[in-house]
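A.B. asks: Structure: target.txt, compact mmCIF, C-alpha atoms.
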# COMPACT_ATOMS: atom_id res chain seq x y z
CA MET A 1 4.01 -153.19 -40.18
CA ASN A 2 5.33 -156.70 -40.77
CA THR A 3 6.86 -156.70 -37.29
CA VAL A 4 3.57 -155.74 -35.60
CA PHE A 5 1.71 -158.39 -37.62
CA ALA A 6 4.30 -161.02 -36.70
CA VAL A 7 4.16 -160.16 -32.98
CA THR A 8 0.35 -160.44 -33.10
CA LEU A 9 0.59 -163.87 -34.70
CA VAL A 10 3.08 -165.00 -32.04
CA PHE A 11 0.96 -163.91 -29.08
CA VAL A 12 -2.43 -165.07 -30.38
CA GLY A 13 -1.19 -168.33 -31.90
CA CYS A 14 1.22 -169.39 -29.16
CA CYS A 15 -1.03 -168.58 -26.20
CA SER A 16 -3.92 -170.51 -27.76
CA ASN A 17 -1.51 -173.34 -28.59
CA VAL A 18 -0.50 -173.70 -24.93
CA VAL A 19 -4.13 -174.19 -23.90
CA PHE A 20 -4.68 -177.05 -26.35
CA LEU A 21 -1.28 -178.60 -25.55
CA GLU A 22 -2.14 -178.65 -21.85
CA LEU A 23 -5.50 -180.27 -22.61
CA LEU A 24 -3.63 -183.01 -24.49
CA VAL A 25 -0.86 -183.51 -21.95
CA ARG A 26 -3.22 -183.65 -18.97
CA ASP A 27 -4.85 -186.85 -20.24
CA PHE A 28 -1.83 -188.31 -22.08
CA PRO A 29 1.49 -186.98 -20.66
CA GLY A 30 3.53 -188.99 -23.19
CA CYS A 31 1.80 -187.62 -26.31
CA GLY A 32 4.62 -185.21 -27.18
CA ASN A 33 5.79 -187.21 -30.21
CA ILE A 34 2.42 -187.36 -31.96
CA VAL A 35 1.88 -183.65 -31.28
CA THR A 36 5.28 -182.76 -32.76
CA PHE A 37 4.70 -185.01 -35.79
CA ALA A 38 1.26 -183.53 -36.50
CA GLN A 39 2.63 -179.98 -36.30
CA PHE A 40 5.52 -180.75 -38.64
CA ALA A 41 3.34 -182.63 -41.15
CA PHE A 42 0.72 -179.86 -41.33
CA ILE A 43 3.23 -177.04 -41.83
CA ALA A 44 5.21 -179.09 -44.39
CA PHE A 45 2.03 -179.89 -46.35
CA GLU A 46 0.95 -176.24 -46.43
CA GLY A 47 4.43 -175.11 -47.48
CA PHE A 48 4.70 -177.76 -50.20
CA ILE A 49 1.60 -176.33 -51.88
CA PHE A 50 1.87 -172.59 -51.30
CA GLU A 51 5.60 -171.97 -50.85
CA VAL A 52 7.60 -174.35 -53.07
CA ASN A 53 4.75 -174.85 -55.58
CA PHE A 54 4.76 -178.68 -55.40
CA GLY A 55 8.55 -178.79 -55.52
CA ARG A 56 8.94 -176.61 -58.62
CA LYS A 57 10.44 -173.61 -56.81
CA LYS A 58 14.15 -173.85 -56.00
CA PRO A 59 15.33 -172.73 -52.54
CA ALA A 60 17.08 -169.35 -52.25
CA ILE A 61 19.24 -170.71 -49.42
CA PRO A 62 21.32 -173.85 -50.18
CA LEU A 63 19.82 -177.10 -48.89
CA SER A 64 23.08 -177.95 -47.12
CA ASN A 65 22.47 -175.00 -44.79
CA TYR A 66 18.88 -176.07 -44.23
CA VAL A 67 20.05 -179.55 -43.25
CA ILE A 68 22.10 -178.04 -40.42
CA MET A 69 19.23 -175.80 -39.31
CA VAL A 70 16.71 -178.65 -39.57
CA THR A 71 18.83 -180.95 -37.43
CA MET A 72 18.84 -178.37 -34.66
CA PHE A 73 15.16 -177.49 -35.05
CA PHE A 74 13.99 -181.12 -35.05
CA THR A 75 16.11 -181.91 -32.01
CA VAL A 76 14.81 -178.92 -30.06
CA SER A 77 11.16 -179.62 -30.90
CA VAL A 78 11.27 -183.33 -30.02
CA ILE A 79 13.25 -182.86 -26.80
CA ASN A 80 11.05 -180.00 -25.54
CA ASN A 81 7.88 -182.07 -25.98
CA PHE A 82 9.47 -185.30 -24.74
CA ALA A 83 10.65 -183.59 -21.54
CA LEU A 84 7.01 -183.43 -20.41
CA ASN A 85 7.29 -187.18 -19.71
CA PHE A 86 9.72 -186.51 -16.85
CA ASN A 87 7.50 -184.93 -14.17
CA ILE A 88 7.99 -181.46 -15.67
CA ALA A 89 4.95 -179.33 -14.85
CA MET A 90 3.72 -177.11 -17.67
CA PRO A 91 4.38 -173.82 -15.78
CA LEU A 92 7.99 -174.84 -15.05
CA HIS A 93 8.34 -175.98 -18.67
CA MET A 94 7.43 -172.48 -19.84
CA ILE A 95 9.51 -170.64 -17.24
CA PHE A 96 12.59 -172.72 -17.93
CA ARG A 97 12.33 -172.21 -21.68
CA SER A 98 12.23 -168.47 -21.05
CA GLY A 99 15.94 -168.86 -20.30
CA SER A 100 16.51 -168.77 -24.06
CA LEU A 101 17.17 -165.05 -23.57
CA ILE A 102 20.23 -165.94 -21.50
CA ALA A 103 21.43 -168.66 -23.84
CA ASN A 104 21.00 -166.42 -26.88
CA MET A 105 23.04 -163.58 -25.39
CA ILE A 106 25.83 -165.87 -24.13
CA LEU A 107 26.19 -167.61 -27.49
CA GLY A 108 25.96 -164.24 -29.26
CA ILE A 109 28.94 -163.02 -27.24
CA ILE A 110 30.94 -166.21 -27.84
CA ILE A 111 30.11 -166.88 -31.50
CA LEU A 112 29.24 -163.48 -33.01
CA LYS A 113 31.56 -161.49 -30.69
CA LYS A 114 28.68 -159.16 -29.79
CA ARG A 115 28.80 -156.68 -26.93
CA TYR A 116 25.80 -155.39 -24.98
CA SER A 117 25.02 -152.57 -22.56
CA VAL A 118 25.28 -153.03 -18.78
CA SER A 119 21.46 -152.99 -18.45
CA LYS A 120 21.19 -155.99 -20.78
CA TYR A 121 23.75 -157.96 -18.77
CA LEU A 122 21.80 -157.11 -15.61
CA SER A 123 18.57 -158.26 -17.27
CA ILE A 124 20.15 -161.63 -18.02
CA VAL A 125 21.20 -162.02 -14.38
CA LEU A 126 17.63 -161.30 -13.25
CA VAL A 127 16.14 -163.80 -15.71
CA SER A 128 18.65 -166.43 -14.57
CA VAL A 129 17.85 -165.86 -10.88
CA GLY A 130 14.11 -166.02 -11.54
CA ILE A 131 14.36 -169.31 -13.41
CA PHE A 132 16.63 -170.72 -10.69
CA ILE A 133 14.07 -169.88 -7.97
CA CYS A 134 11.22 -171.51 -9.91
CA THR A 135 13.30 -174.60 -10.70
CA VAL A 136 14.36 -175.13 -7.06
CA MET A 137 10.79 -174.71 -5.81
CA SER A 138 9.52 -177.19 -8.41
CA ALA A 139 12.19 -179.69 -7.37
CA LYS A 140 10.87 -179.53 -3.79
CA GLN A 141 7.33 -180.05 -5.06
CA VAL A 142 8.34 -183.18 -6.99
CA SER A 143 9.89 -184.75 -3.87
CA ALA A 144 6.90 -183.80 -1.70
CA GLU A 145 4.26 -185.05 -4.15
CA ARG A 146 5.90 -188.43 -4.66
CA GLY A 147 6.32 -189.10 -0.94
CA GLY A 148 6.66 -192.85 -0.26
CA THR A 149 10.03 -194.28 0.64
CA GLU A 150 13.33 -192.44 0.37
CA GLU A 151 14.22 -194.54 -2.67
CA GLU A 152 11.00 -193.60 -4.45
CA GLY A 153 11.59 -189.93 -3.66
CA MET A 154 15.13 -190.11 -5.02
CA TYR A 155 13.96 -191.90 -8.18
CA ALA A 156 11.28 -189.24 -8.77
CA PHE A 157 13.85 -186.48 -8.28
CA LEU A 158 16.38 -188.06 -10.67
CA HIS A 159 13.59 -188.63 -13.20
CA TRP A 160 12.68 -184.95 -12.94
CA LEU A 161 16.36 -183.92 -13.11
CA LEU A 162 16.71 -185.79 -16.40
CA GLY A 163 13.84 -183.73 -17.77
CA ILE A 164 15.56 -180.51 -16.64
CA THR A 165 18.78 -181.66 -18.35
CA MET A 166 16.85 -182.22 -21.57
CA LEU A 167 15.31 -178.75 -21.37
CA THR A 168 18.76 -177.21 -20.76
CA PHE A 169 20.20 -178.92 -23.83
CA ALA A 170 17.22 -177.84 -25.95
CA LEU A 171 17.62 -174.28 -24.64
CA LEU A 172 21.23 -174.03 -25.81
CA MET A 173 20.46 -175.73 -29.12
CA SER A 174 17.57 -173.34 -29.77
CA ALA A 175 19.78 -170.31 -29.11
CA ARG A 176 22.45 -171.67 -31.46
CA MET A 177 19.82 -172.20 -34.14
CA GLY A 178 18.64 -168.59 -33.78
CA ILE A 179 22.16 -167.28 -34.33
CA PHE A 180 22.65 -169.62 -37.30
CA GLN A 181 19.42 -168.29 -38.85
CA GLU A 182 20.57 -164.72 -38.32
CA THR A 183 23.86 -165.32 -40.15
CA LEU A 184 22.08 -167.12 -43.01
CA TYR A 185 19.65 -164.24 -43.56
CA LYS A 186 22.51 -161.75 -43.60
CA LYS A 187 24.25 -163.78 -46.30
CA TYR A 188 21.35 -164.94 -48.50
CA GLY A 189 18.55 -162.50 -47.68
CA LYS A 190 15.29 -162.94 -45.78
CA HIS A 191 13.20 -166.00 -46.70
CA SER A 192 10.97 -166.74 -43.72
CA LYS A 193 8.32 -168.83 -45.55
CA GLU A 194 10.96 -170.92 -47.27
CA ALA A 195 12.78 -171.54 -44.00
CA LEU A 196 9.50 -172.46 -42.32
CA PHE A 197 8.79 -175.10 -44.98
CA TYR A 198 12.21 -176.74 -45.05
CA ASN A 199 12.52 -176.74 -41.27
CA HIS A 200 9.36 -178.84 -41.08
CA CYS A 201 9.58 -180.91 -44.26
CA LEU A 202 13.14 -182.23 -44.11
CA PRO A 203 12.85 -183.71 -40.58
CA LEU A 204 9.73 -185.80 -41.39
CA PRO A 205 11.70 -189.04 -42.11
CA GLY A 206 13.15 -188.77 -38.60
CA PHE A 207 9.73 -189.51 -37.11
CA VAL A 208 10.09 -193.10 -38.27
CA LEU A 209 12.22 -193.57 -35.15
CA LEU A 210 9.22 -192.44 -33.07
CA SER A 211 6.57 -194.33 -35.05
CA THR A 212 5.67 -196.78 -32.24
CA SER A 213 4.89 -193.95 -29.81
CA ILE A 214 2.98 -192.04 -32.48
CA TYR A 215 0.85 -195.06 -33.41
CA ASN A 216 0.08 -195.98 -29.79
CA HIS A 217 -1.14 -192.50 -28.99
CA ALA A 218 -3.15 -192.34 -32.21
CA VAL A 219 -5.04 -195.41 -30.96
CA LEU A 220 -5.53 -193.83 -27.53
CA PHE A 221 -6.77 -190.59 -29.09
CA SER A 222 -9.33 -192.53 -31.15
CA GLN A 223 -10.67 -194.10 -27.95
CA SER A 224 -11.24 -190.73 -26.23
CA SER A 225 -14.72 -189.34 -25.55
CA PRO A 226 -16.58 -188.13 -28.67
CA VAL A 227 -17.55 -184.47 -29.03
CA GLU A 228 -19.89 -182.99 -31.62
CA ILE A 229 -18.63 -180.24 -33.91
CA PRO A 230 -21.50 -177.73 -34.29
CA ILE A 231 -20.78 -176.55 -37.84
CA ILE A 232 -20.66 -179.98 -39.50
CA GLY A 233 -22.79 -181.84 -36.99
CA GLN A 234 -20.34 -184.74 -36.74
CA SER A 235 -18.84 -186.31 -33.62
CA VAL A 236 -15.09 -186.84 -33.36
CA PRO A 237 -12.87 -188.06 -30.50
CA VAL A 238 -12.14 -185.02 -28.36
CA MET A 239 -8.37 -185.61 -28.31
CA TRP A 240 -8.20 -185.45 -32.11
CA LEU A 241 -10.06 -182.13 -31.99
CA TYR A 242 -7.59 -180.81 -29.42
CA LEU A 243 -4.71 -181.99 -31.60
CA LEU A 244 -6.17 -180.27 -34.68
CA MET A 245 -6.55 -176.98 -32.83
CA ASN A 246 -3.05 -177.36 -31.38
CA VAL A 247 -1.62 -177.84 -34.87
CA ILE A 248 -3.44 -174.83 -36.35
CA THR A 249 -2.46 -172.49 -33.51
CA GLN A 250 1.12 -173.79 -33.65
CA TYR A 251 1.23 -172.90 -37.34
CA VAL A 252 0.02 -169.37 -36.61
CA CYS A 253 2.58 -169.05 -33.80
CA ILE A 254 5.61 -170.34 -35.66
CA ARG A 255 4.69 -168.40 -38.79
CA GLY A 256 4.91 -165.26 -36.69
CA VAL A 257 8.25 -166.32 -35.21
CA PHE A 258 9.78 -166.97 -38.63
CA ILE A 259 8.57 -163.59 -39.93
CA LEU A 260 10.17 -161.96 -36.89
CA THR A 261 13.51 -163.64 -37.63
CA THR A 262 13.60 -161.80 -40.96
CA GLU A 263 12.68 -158.43 -39.44
CA CYS A 264 14.64 -158.41 -36.15
CA THR A 265 17.83 -159.76 -34.58
CA SER A 266 17.78 -163.17 -32.92
CA LEU A 267 17.94 -161.61 -29.44
CA THR A 268 14.90 -159.42 -30.11
CA VAL A 269 12.99 -162.44 -31.43
CA THR A 270 13.91 -164.28 -28.24
CA LEU A 271 12.58 -161.36 -26.19
CA VAL A 272 9.17 -161.46 -27.93
CA VAL A 273 8.95 -165.22 -27.43
CA THR A 274 9.92 -164.82 -23.76
CA LEU A 275 7.12 -162.31 -23.16
CA ARG A 276 4.69 -164.63 -24.91
CA LYS A 277 5.76 -167.46 -22.60
CA PHE A 278 5.07 -165.27 -19.58
CA LEU A 279 1.51 -164.64 -20.79
CA SER A 280 1.06 -168.35 -21.53
CA LEU A 281 2.27 -169.10 -18.02
CA ILE A 282 -0.41 -166.87 -16.48
CA ILE A 283 -3.08 -168.60 -18.61
CA SER A 284 -1.81 -172.02 -17.54
CA ILE A 285 -1.88 -171.11 -13.84
CA LEU A 286 -5.25 -169.35 -13.77
CA TYR A 287 -7.22 -171.44 -16.27
CA PHE A 288 -5.85 -174.90 -15.44
CA ARG A 289 -5.15 -174.17 -11.76
CA ASN A 290 -1.63 -175.58 -11.89
CA PRO A 291 0.20 -175.59 -8.52
CA PHE A 292 2.10 -172.34 -8.10
CA THR A 293 3.59 -171.20 -4.79
CA ALA A 294 4.49 -167.70 -3.62
CA TRP A 295 8.13 -168.42 -4.46
CA HIS A 296 7.09 -169.36 -8.00
CA TRP A 297 5.42 -165.96 -8.30
CA VAL A 298 8.61 -164.27 -7.02
CA GLY A 299 10.70 -166.14 -9.59
CA THR A 300 8.24 -165.31 -12.36
CA ALA A 301 8.22 -161.62 -11.39
CA VAL A 302 12.04 -161.53 -11.47
CA VAL A 303 12.05 -163.15 -14.93
CA PHE A 304 9.52 -160.60 -16.18
CA LEU A 305 11.46 -157.70 -14.62
CA GLY A 306 14.63 -158.88 -16.33
CA THR A 307 12.80 -159.08 -19.65
CA LEU A 308 11.45 -155.54 -19.27
CA LEU A 309 14.93 -154.29 -18.39
CA TYR A 310 16.23 -155.76 -21.63
CA THR A 311 13.62 -153.86 -23.65
CA GLU A 312 14.75 -150.57 -22.05
CA VAL A 313 11.10 -149.50 -21.80
CA TRP A 314 11.90 -146.67 -19.39
CA SER A 315 14.36 -145.03 -21.77
CA GLY A 316 11.86 -145.67 -24.57
CA ILE A 317 9.25 -143.66 -22.64
CA HIS A 318 11.64 -140.83 -21.75
CA THR A 319 13.19 -140.50 -25.22
CA PRO A 320 10.09 -139.14 -27.03
CA VAL A 321 9.56 -136.64 -24.18
CA LYS A 322 13.13 -135.34 -24.39
CA GLY A 323 13.22 -135.49 -28.19
CA GLU A 324 16.32 -137.70 -28.18
CA LYS A 325 17.19 -140.26 -30.77
CA PRO A 326 17.42 -143.87 -29.54
CA ASP A 327 20.90 -145.24 -29.03
CA LYS A 328 21.86 -147.67 -31.78
CA LYS A 329 25.23 -148.69 -30.42
CA THR A 330 23.98 -151.65 -28.50
CA GLU A 331 21.47 -154.23 -29.60
Show how you would write the structure in this file as structure tokens.
C.D. replies:
Amino acid sequence: MNTVFAVTLVFVGCCSNVVFLELLVRDFPGCGNIVTFAQFAFIAFEGFIFEVNFGRKKPAIPLSNYVIMVTMFFTVSVINNFALNFNIAMPLHMIFRSGSLIANMILGIIILKKRYSVSKYLSIVLVSVGIFICTVMSAKQVSAERGGTEEEGMYAFLHWLLGITMLTFALLMSARMGIFQETLYKKYGKHSKEALFYNHCLPLPGFVLLSTSIYNHAVLFSQSSPVEIPIIGQSVPVMWLYLLMNVITQYVCIRGVFILTTECTSLTVTLVVTLRKFLSLIISILYFRNPFTAWHWVGTAVVFLGTLLYTEVWSGIHTPVKGEKPDKKTE
């Protein structure tokens, strides 16, 4: 029951979150830092009251372990949002981050010495190929859109390539964090709410380094067009409203993810998040009319096929018919 509830939170919260993030990024592409700060501050404030009881409740997992996890989580969150400054289109951003399935499995093999079935290895190859196709097609779009001189085209491409490098680093770091969480829960038990609080509270001092960007965008948000909120009858700058909704939906999303980490393995959690990203991608393309070529659709289809192959849905359908018990040997 907890797993179904968590998956629901992930899909509803995260898909709504993407809509509000895109509304923010479309007007202010460099607003990633203020968005990340607002999300962290809100979740830390809620956890301080309802989880740690104003600091009176001691953590079940040692703080030294949380410091390691927090360092990875803060780095991943900031880099993923900051990468949007480097000509990374939102659809590519989501497709590329779906590669976490690959990173998670590779690091699981290296670090945890796990072994998987042939179908799962094949699924990883398919996901990798799909992301590669979408990335190459997006690279061509960047060069074509910039046009101008050869130097300008090269600068735009290198600028975009830096963003891809950042996303790659964040991808590997995120996978490593998932494995670290899995080992912690095996050792100390499952404490999803506690982990959610400390992962968002401890990094807050780090935002001092980003304070200039946060302040500048706060000023820009305050200067945006006012919109009236029907219930209270007050007008607020529309960008602040988008930010508020982004923060709330992000809380719902990440709450679901952290519950999942206590109920499932890190690879299964990654699968759920990957499927959610695919749905978010469709929303981004259809609702916001983001540029998406036939090759992008091919790459997306291959990614989705690889994800379905990992879930072994066909064997899951045949098993109840044959009355067989599911195979537990592989993850």
A.B. asks: Using all atoms listed in the file, find the one residue out of A:Ile248, A:Ile111, A:Ala103, A:Ile95 that sits nearest to Ile131 of chain A.
C.D. replies: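 Result for the nearest residue to Ile131 of chain A: A:Ile95.
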A.B. asks: What does the distance between atom CA of Gly233 of chain A and atom CA of Asn246 of chain A come to in Å, to one decimal place?
C.D. replies: 21.0 Å
A.B. asks: Any idea what's packed within 7 Å of segment 60-71 of chain A, counting only C-alpha atoms, ignoring anything in its chain fewer than 5 positions away? Could you give it as a compact mmCIF listing (two decimals) with C-alpha atoms, keeping the file's coordinate frame?
C.D. replies:
# COMPACT_ATOMS: atom_id res chain seq x y z
CA MET A 177 19.82 -172.20 -34.14
CA TYR A 188 21.35 -164.94 -48.50
CA TYR A 198 12.21 -176.74 -45.05
CA ASN A 199 12.52 -176.74 -41.27
CA LEU A 202 13.14 -182.23 -44.11
CA PRO A 203 12.85 -183.71 -40.58
A.B. asks: So, with all atoms listed in the file as the atoms that count, which of A:Arg289, A:Arg56, A:His296, A:His159 lies closest to Glu22 of chain A?
C.D. replies: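 When distances to Glu22 of chain A are compared using all atoms listed in the file, the smallest one comes from A:Arg289.
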A.B. asks: Between A:Leu286, A:Leu171, A:Val257, A:Ile109, single out the one closest to Thr3 of chain A, counting only C-alpha atoms.
C.D. replies: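 Counting only C-alpha atoms, the residue closest to Thr3 of chain A is A:Val257.
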A.B. asks: One decimal, in Å: what's the spacing between atom CA of Leu172 of chain A and atom CA of Ile282 of chain A?
C.D. replies: 24.6 Å
A.B. asks: Considering all atoms listed in the file, can you say which of A:Leu275, A:Val227, A:Ile254, A:Ile259 comes closest to Asn2 of chain A?
C.D. replies: A:Ile259
A.B. asks: Which residue, A:Leu24, A:Glu194, A:Pro205, A:Phe96, has the smallest gap to Asn53 of chain A when you use only C-alpha atoms?
C.D. replies: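 Under the stated criterion, the closest residue is A:Glu194.
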A.B. asks: A:Met239, A:Thr262, A:Gln234, A:Trp297: which is nearest Leu184 of chain A, counting all atoms listed in the file?
C.D. replies: A:Thr262
A.B. asks: Given 5 Å on each side, where is the centre and what are the edge lengths in Å to one decimal of the axis-aligned box enclosing the listed atoms of segment 156-167 of chain A, as JSON?
C.D. replies:
{"center_x": 15.0, "center_y": -184.0, "center_z": -14.9, "size_x": 17.5, "size_y": 20.5, "size_z": 23.3}
